[in-house]
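What follows is the content of input-v9.csv, which has CSV, C-alpha atoms:
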chain,number,residue,atom,x,y,z
J,1,THR,CA,232.3,154.4,136.5
J,2,ASP,CA,234.7,157.3,136.5
J,3,LEU,CA,236.4,157.7,133.1
J,4,GLY,CA,238.2,160.8,134.3
J,5,ASP,CA,236.0,163.2,132.3
J,6,ARG,CA,232.4,164.2,133.2
J,7,ARG,CA,231.4,164.3,129.6
J,8,LEU,CA,232.6,160.8,129.0
J,9,ASN,CA,230.9,159.6,132.2
J,10,ARG,CA,227.6,161.2,131.0
J,11,ARG,CA,227.9,159.7,127.5
J,12,LEU,CA,228.6,156.2,129.0
J,13,GLU,CA,225.5,156.6,131.2
J,14,GLN,CA,223.4,157.6,128.2
J,15,ILE,CA,224.6,154.7,126.1
J,16,VAL,CA,224.0,152.2,128.9
J,17,ASN,CA,220.5,153.6,129.4
J,18,ASP,CA,219.7,153.5,125.7
J,19,LEU,CA,221.0,150.0,125.2
J,20,SER,CA,219.4,148.6,128.4
J,21,GLN,CA,216.0,150.0,127.3
J,22,ASN,CA,216.5,148.4,123.9
J,23,PRO,CA,218.8,145.4,124.3
J,24,GLN,CA,217.8,143.9,120.9
J,25,SER,CA,218.4,147.1,119.0
J,26,THR,CA,221.4,148.4,117.1
J,27,ILE,CA,223.2,151.5,118.4
J,28,PRO,CA,221.3,153.8,116.0
J,29,GLN,CA,217.9,152.2,116.9
J,30,ALA,CA,218.6,152.4,120.6
J,31,SER,CA,220.0,155.9,120.4
J,32,GLY,CA,216.9,157.3,118.7
J,33,THR,CA,218.6,160.3,117.1
J,34,TRP,CA,221.5,160.9,114.8
J,35,ALA,CA,223.3,163.1,117.4
J,36,ARG,CA,223.1,160.4,120.1
J,37,THR,CA,224.1,157.7,117.6
J,38,LYS,CA,227.1,159.8,116.5
J,39,GLY,CA,228.0,160.4,120.2
J,40,ALA,CA,228.0,156.7,120.9
J,41,TYR,CA,230.2,155.9,118.0
J,42,ARG,CA,232.6,158.8,119.0
J,43,PHE,CA,232.6,157.5,122.6
J,44,PHE,CA,233.6,154.0,121.5
J,45,ASP,CA,236.3,155.4,119.2
J,46,HIS,CA,237.7,157.7,121.9
J,47,ALA,CA,241.4,156.9,122.5
J,48,GLY,CA,241.0,157.6,126.2
J,49,VAL,CA,238.3,155.0,126.7
J,50,THR,CA,239.1,151.3,126.9
J,51,PRO,CA,236.8,148.2,127.5
J,52,GLU,CA,238.7,147.7,130.7
J,53,MET,CA,237.8,151.1,132.0
J,54,ILE,CA,234.2,150.6,131.1
J,55,LEU,CA,234.0,147.3,132.9
J,56,ALA,CA,236.2,148.1,135.9
J,57,ARG,CA,233.3,149.1,138.2
J,58,HIS,CA,231.1,146.2,137.1
J,59,GLN,CA,234.0,143.8,137.8
J,60,ALA,CA,234.6,145.3,141.2
J,61,ALA,CA,230.9,145.1,142.1
J,62,ALA,CA,230.8,141.5,141.0
J,63,LEU,CA,233.7,140.6,143.2
J,64,GLU,CA,232.1,142.4,146.1
J,65,ARG,CA,228.9,140.5,145.6
J,66,SER,CA,230.8,137.2,145.3
J,67,ALA,CA,232.6,137.8,148.5
J,68,LEU,CA,229.3,137.6,150.4
J,69,HIS,CA,228.7,134.0,149.4
J,70,LYS,CA,230.4,130.7,150.4
J,71,LEU,CA,229.9,129.3,146.9
J,72,VAL,CA,229.8,131.1,143.6
J,73,LEU,CA,229.2,129.2,140.3
J,74,MET,CA,231.0,130.5,137.2
J,75,VAL,CA,228.9,129.0,134.5
J,76,GLN,CA,230.4,128.8,131.0
J,77,ASP,CA,229.3,127.2,127.7
J,78,THR,CA,231.1,126.5,124.4
J,79,THR,CA,229.1,125.8,121.3
J,80,SER,CA,230.1,125.2,117.7
J,81,LEU,CA,228.4,127.1,115.0
J,82,ASN,CA,228.5,124.7,112.0
J,83,TYR,CA,228.4,126.3,108.5
J,84,ALA,CA,229.2,123.1,106.5
J,85,CYS,CA,227.4,124.5,103.5
J,86,GLN,CA,229.8,127.4,103.2
J,87,GLU,CA,232.6,127.3,100.7
J,88,ALA,CA,236.2,126.5,101.8
J,89,ASP,CA,237.4,130.1,101.1
J,90,SER,CA,234.6,131.7,103.2
J,91,GLY,CA,237.1,132.6,106.0
J,92,LEU,CA,235.7,130.1,108.4
J,93,GLY,CA,237.9,127.6,110.1
J,94,ARG,CA,237.6,123.9,110.7
J,95,LEU,CA,235.6,122.9,113.7
J,96,GLY,CA,237.2,119.5,114.4
J,97,ASN,CA,240.4,117.8,113.5
J,98,ARG,CA,241.9,117.8,110.0
J,99,ALA,CA,239.8,114.9,108.8
J,100,ASP,CA,236.6,116.9,109.8
J,101,GLN,CA,235.4,119.0,106.8
J,102,ALA,CA,232.9,121.0,108.8
J,103,LEU,CA,233.5,124.7,108.6
J,104,GLY,CA,232.4,127.2,111.3
J,105,LEU,CA,233.5,128.9,114.5
J,106,TRP,CA,233.5,128.3,118.2
J,107,LEU,CA,231.3,130.5,120.4
J,108,HIS,CA,232.3,130.6,124.1
J,109,HIS,CA,229.9,132.3,126.6
J,110,ASP,CA,231.1,133.1,130.1
J,111,ALA,CA,227.9,133.7,132.0
J,112,SER,CA,229.8,135.3,134.8
J,113,ALA,CA,230.7,138.2,132.4
J,114,GLY,CA,227.1,139.1,132.0
Show me the file's structure as C-alpha cells.
Amino acid sequence: TDLGDRRLNRRLEQIVNDLSQNPQSTIPQASGTWARTKGAYRFFDHAGVTPEMILARHQAAALERSALHKLVLMVQDTTSLNYACQEADSGLGRLGNRADQALGLWLHHDASAG
C-alpha cells in the first residue's frame, strides 16, 4: 500500500504486523509500548488516511486472485443479536416487525471482505 508518505506506509506496516501477531488484542496490547499505541491512534486519526486507501491494495489483490478462477464464492451471513432483556431506552432497535418486542441489532458478515 502506498499512502503517499513513507512514514505513513511504515506506520501502517507496523500496525498490520502488530495486529496480525495479536489479532485478539486491543491496539494498546498489540502495540506493546505507549509510543507505538499513540502512533497507531494518530495514524487512524490522520486526515490524509482513509479506510479506502488502506484497503485499496488488498481489494486489487483480491480481484487479481479472483480473475484466476472460473467460479468465486462470495459467502455472506446475517445474524441477529437479540438483547430482549435490555430496557426499551437502551438505544437498541427492534429486530423484527412492530409487533416483535425483541431488541437488538443485525450483524452482517461479508466473508469476501476478510
ask   = What is the atom CA of Arg57 of chain J to atom CA of Thr1 of chain J distance in Å?
value =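 So the answer is 5.7 Å.
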task = Just give me the gap between atom CA of Gly4 of chain J and atom CA of Arg36 of chain J in Å, one decimal is fine.
result = 20.7 Å
task = Counting all atoms listed in the file, figure out which residue out of J:Ala47, J:Ala62, J:Ala84, J:Leu55 gets nearest to Leu12 of chain J.
result = J:Leu55
Selection near Trp106 of chain J, 10 Å with only C-alpha atoms, sequence-local residues under 5 positions removed, as a ChimeraX atom specification = /J:78-82,93-95
Could the residues in this selection be saved with C-alpha atoms as a CSV table (one decimal), in the frame of the given file?
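Done, and the output landed in part_14.csv:
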chain,number,residue,atom,x,y,z
J,78,THR,CA,231.1,126.5,124.4
J,79,THR,CA,229.1,125.8,121.3
J,80,SER,CA,230.1,125.2,117.7
J,81,LEU,CA,228.4,127.1,115.0
J,82,ASN,CA,228.5,124.7,112.0
J,93,GLY,CA,237.9,127.6,110.1
J,94,ARG,CA,237.6,123.9,110.7
J,95,LEU,CA,235.6,122.9,113.7
request  = Could you check which of J:Ala35, J:Lys70, J:Leu3, J:Ala40 is closest to Ile15 of chain J, using all atoms listed in the file?
outcome  =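 Of all the options, J:Ala40 lies closest to Ile15 of chain J.
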query = Distance atom CA of Tyr83 of chain J-atom CA of Gly104 of chain J, one decimal place?
reply =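 Calculated distance between atom CA of Tyr83 of chain J and atom CA of Gly104 of chain J is 5.0 Å.
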Write only C-alpha atoms for chain J from the block just shown, as a CSV table (one decimal), in the first residue's frame.
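The result, written out as result27.csv:
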chain,number,residue,atom,x,y,z
J,1,THR,CA,0.0,0.0,0.0
J,2,ASP,CA,1.3,3.4,-0.9
J,3,LEU,CA,-0.3,6.2,1.2
J,4,GLY,CA,1.9,8.8,-0.5
J,5,ASP,CA,4.1,9.3,2.6
J,6,ARG,CA,6.9,6.9,3.6
J,7,ARG,CA,6.2,7.5,7.3
J,8,LEU,CA,2.5,6.6,6.9
J,9,ASN,CA,3.5,3.5,4.9
J,10,ARG,CA,5.9,2.4,7.6
J,11,ARG,CA,3.3,3.0,10.4
J,12,LEU,CA,0.6,1.0,8.5
J,13,GLU,CA,3.1,-1.9,8.1
J,14,GLN,CA,3.9,-1.7,11.8
J,15,ILE,CA,0.2,-1.6,12.8
J,16,VAL,CA,-0.6,-4.6,10.5
J,17,ASN,CA,2.3,-6.6,11.9
J,18,ASP,CA,1.3,-5.9,15.5
J,19,LEU,CA,-2.3,-6.7,15.0
J,20,SER,CA,-1.7,-9.8,12.8
J,21,GLN,CA,0.6,-11.2,15.6
J,22,ASN,CA,-2.0,-10.5,18.2
J,23,PRO,CA,-5.4,-10.5,16.4
J,24,GLN,CA,-7.4,-10.9,19.7
J,25,SER,CA,-5.7,-8.0,21.3
J,26,THR,CA,-6.6,-4.3,21.6
J,27,ILE,CA,-4.4,-1.8,19.9
J,28,PRO,CA,-2.5,-1.0,23.2
J,29,GLN,CA,-2.0,-4.7,23.9
J,30,ALA,CA,-0.9,-5.5,20.3
J,31,SER,CA,1.4,-2.4,20.1
J,32,GLY,CA,3.3,-3.2,23.3
J,33,THR,CA,4.5,0.3,24.0
J,34,TRP,CA,2.8,3.6,24.7
J,35,ALA,CA,4.8,5.2,21.7
J,36,ARG,CA,3.5,2.6,19.3
J,37,THR,CA,0.0,2.8,20.7
J,38,LYS,CA,0.0,6.5,20.3
J,39,GLY,CA,1.4,6.2,16.8
J,40,ALA,CA,-1.4,3.8,15.8
J,41,TYR,CA,-4.1,6.1,17.1
J,42,ARG,CA,-2.5,9.1,15.4
J,43,PHE,CA,-2.4,7.1,12.2
J,44,PHE,CA,-6.1,6.3,12.3
J,45,ASP,CA,-6.9,9.9,13.1
J,46,HIS,CA,-4.7,11.3,10.2
J,47,ALA,CA,-6.8,13.4,7.8
J,48,GLY,CA,-4.8,12.1,4.9
J,49,VAL,CA,-5.6,8.4,5.6
J,50,THR,CA,-8.9,6.8,4.7
J,51,PRO,CA,-10.2,3.3,5.0
J,52,GLU,CA,-10.4,3.2,1.2
J,53,MET,CA,-6.7,4.0,0.9
J,54,ILE,CA,-5.8,1.3,3.4
J,55,LEU,CA,-7.9,-1.4,1.7
J,56,ALA,CA,-7.1,-0.4,-1.9
J,57,ARG,CA,-4.2,-2.8,-2.4
J,58,HIS,CA,-6.0,-5.6,-0.6
J,59,GLN,CA,-9.0,-5.1,-2.9
J,60,ALA,CA,-6.9,-5.0,-6.0
J,61,ALA,CA,-5.1,-8.2,-5.0
J,62,ALA,CA,-8.4,-10.0,-4.2
J,63,LEU,CA,-9.7,-9.1,-7.7
J,64,GLU,CA,-6.5,-10.3,-9.3
J,65,ARG,CA,-6.8,-13.7,-7.4
J,66,SER,CA,-10.5,-13.9,-8.3
J,67,ALA,CA,-9.7,-13.4,-12.0
J,68,LEU,CA,-7.7,-16.7,-12.0
J,69,HIS,CA,-10.8,-18.8,-11.2
J,70,LYS,CA,-13.9,-19.7,-13.2
J,71,LEU,CA,-16.1,-19.6,-10.0
J,72,VAL,CA,-15.6,-17.5,-6.9
J,73,LEU,CA,-18.0,-17.8,-4.0
J,74,MET,CA,-18.8,-14.6,-2.1
J,75,VAL,CA,-20.1,-16.0,1.2
J,76,GLN,CA,-22.1,-13.7,3.5
J,77,ASP,CA,-24.1,-14.2,6.7
J,78,THR,CA,-26.5,-12.1,8.6
J,79,THR,CA,-27.2,-12.8,12.3
J,80,SER,CA,-29.5,-11.1,14.8
J,81,LEU,CA,-28.1,-10.3,18.2
J,82,ASN,CA,-31.1,-10.4,20.5
J,83,TYR,CA,-30.9,-8.4,23.7
J,84,ALA,CA,-34.5,-8.8,24.7
J,85,CYS,CA,-33.6,-8.4,28.4
J,86,GLN,CA,-32.5,-4.8,27.7
J,87,GLU,CA,-34.7,-1.8,28.5
J,88,ALA,CA,-36.5,0.0,25.7
J,89,ASP,CA,-34.4,3.1,26.1
J,90,SER,CA,-31.1,1.2,25.7
J,91,GLY,CA,-30.5,2.6,22.2
J,92,LEU,CA,-31.1,-0.8,20.5
J,93,GLY,CA,-33.6,-1.2,17.8
J,94,ARG,CA,-36.3,-3.7,17.1
J,95,LEU,CA,-35.2,-6.9,15.4
J,96,GLY,CA,-38.5,-7.8,13.7
J,97,ASN,CA,-41.7,-6.1,12.8
J,98,ARG,CA,-43.5,-3.6,15.0
J,99,ALA,CA,-45.3,-6.4,16.9
J,100,ASP,CA,-42.0,-8.0,17.7
J,101,GLN,CA,-40.7,-6.6,21.1
J,102,ALA,CA,-37.2,-8.1,20.8
J,103,LEU,CA,-34.4,-5.5,21.0
J,104,GLY,CA,-31.0,-6.0,19.4
J,105,LEU,CA,-29.1,-5.3,16.3
J,106,TRP,CA,-28.3,-7.0,13.0
J,107,LEU,CA,-24.7,-8.2,12.3
J,108,HIS,CA,-23.8,-8.8,8.7
J,109,HIS,CA,-20.5,-10.5,7.8
J,110,ASP,CA,-19.2,-10.5,4.3
J,111,ALA,CA,-16.6,-13.2,4.2
J,112,SER,CA,-15.1,-11.9,1.0
J,113,ALA,CA,-14.0,-8.7,2.9
J,114,GLY,CA,-11.8,-10.8,5.2
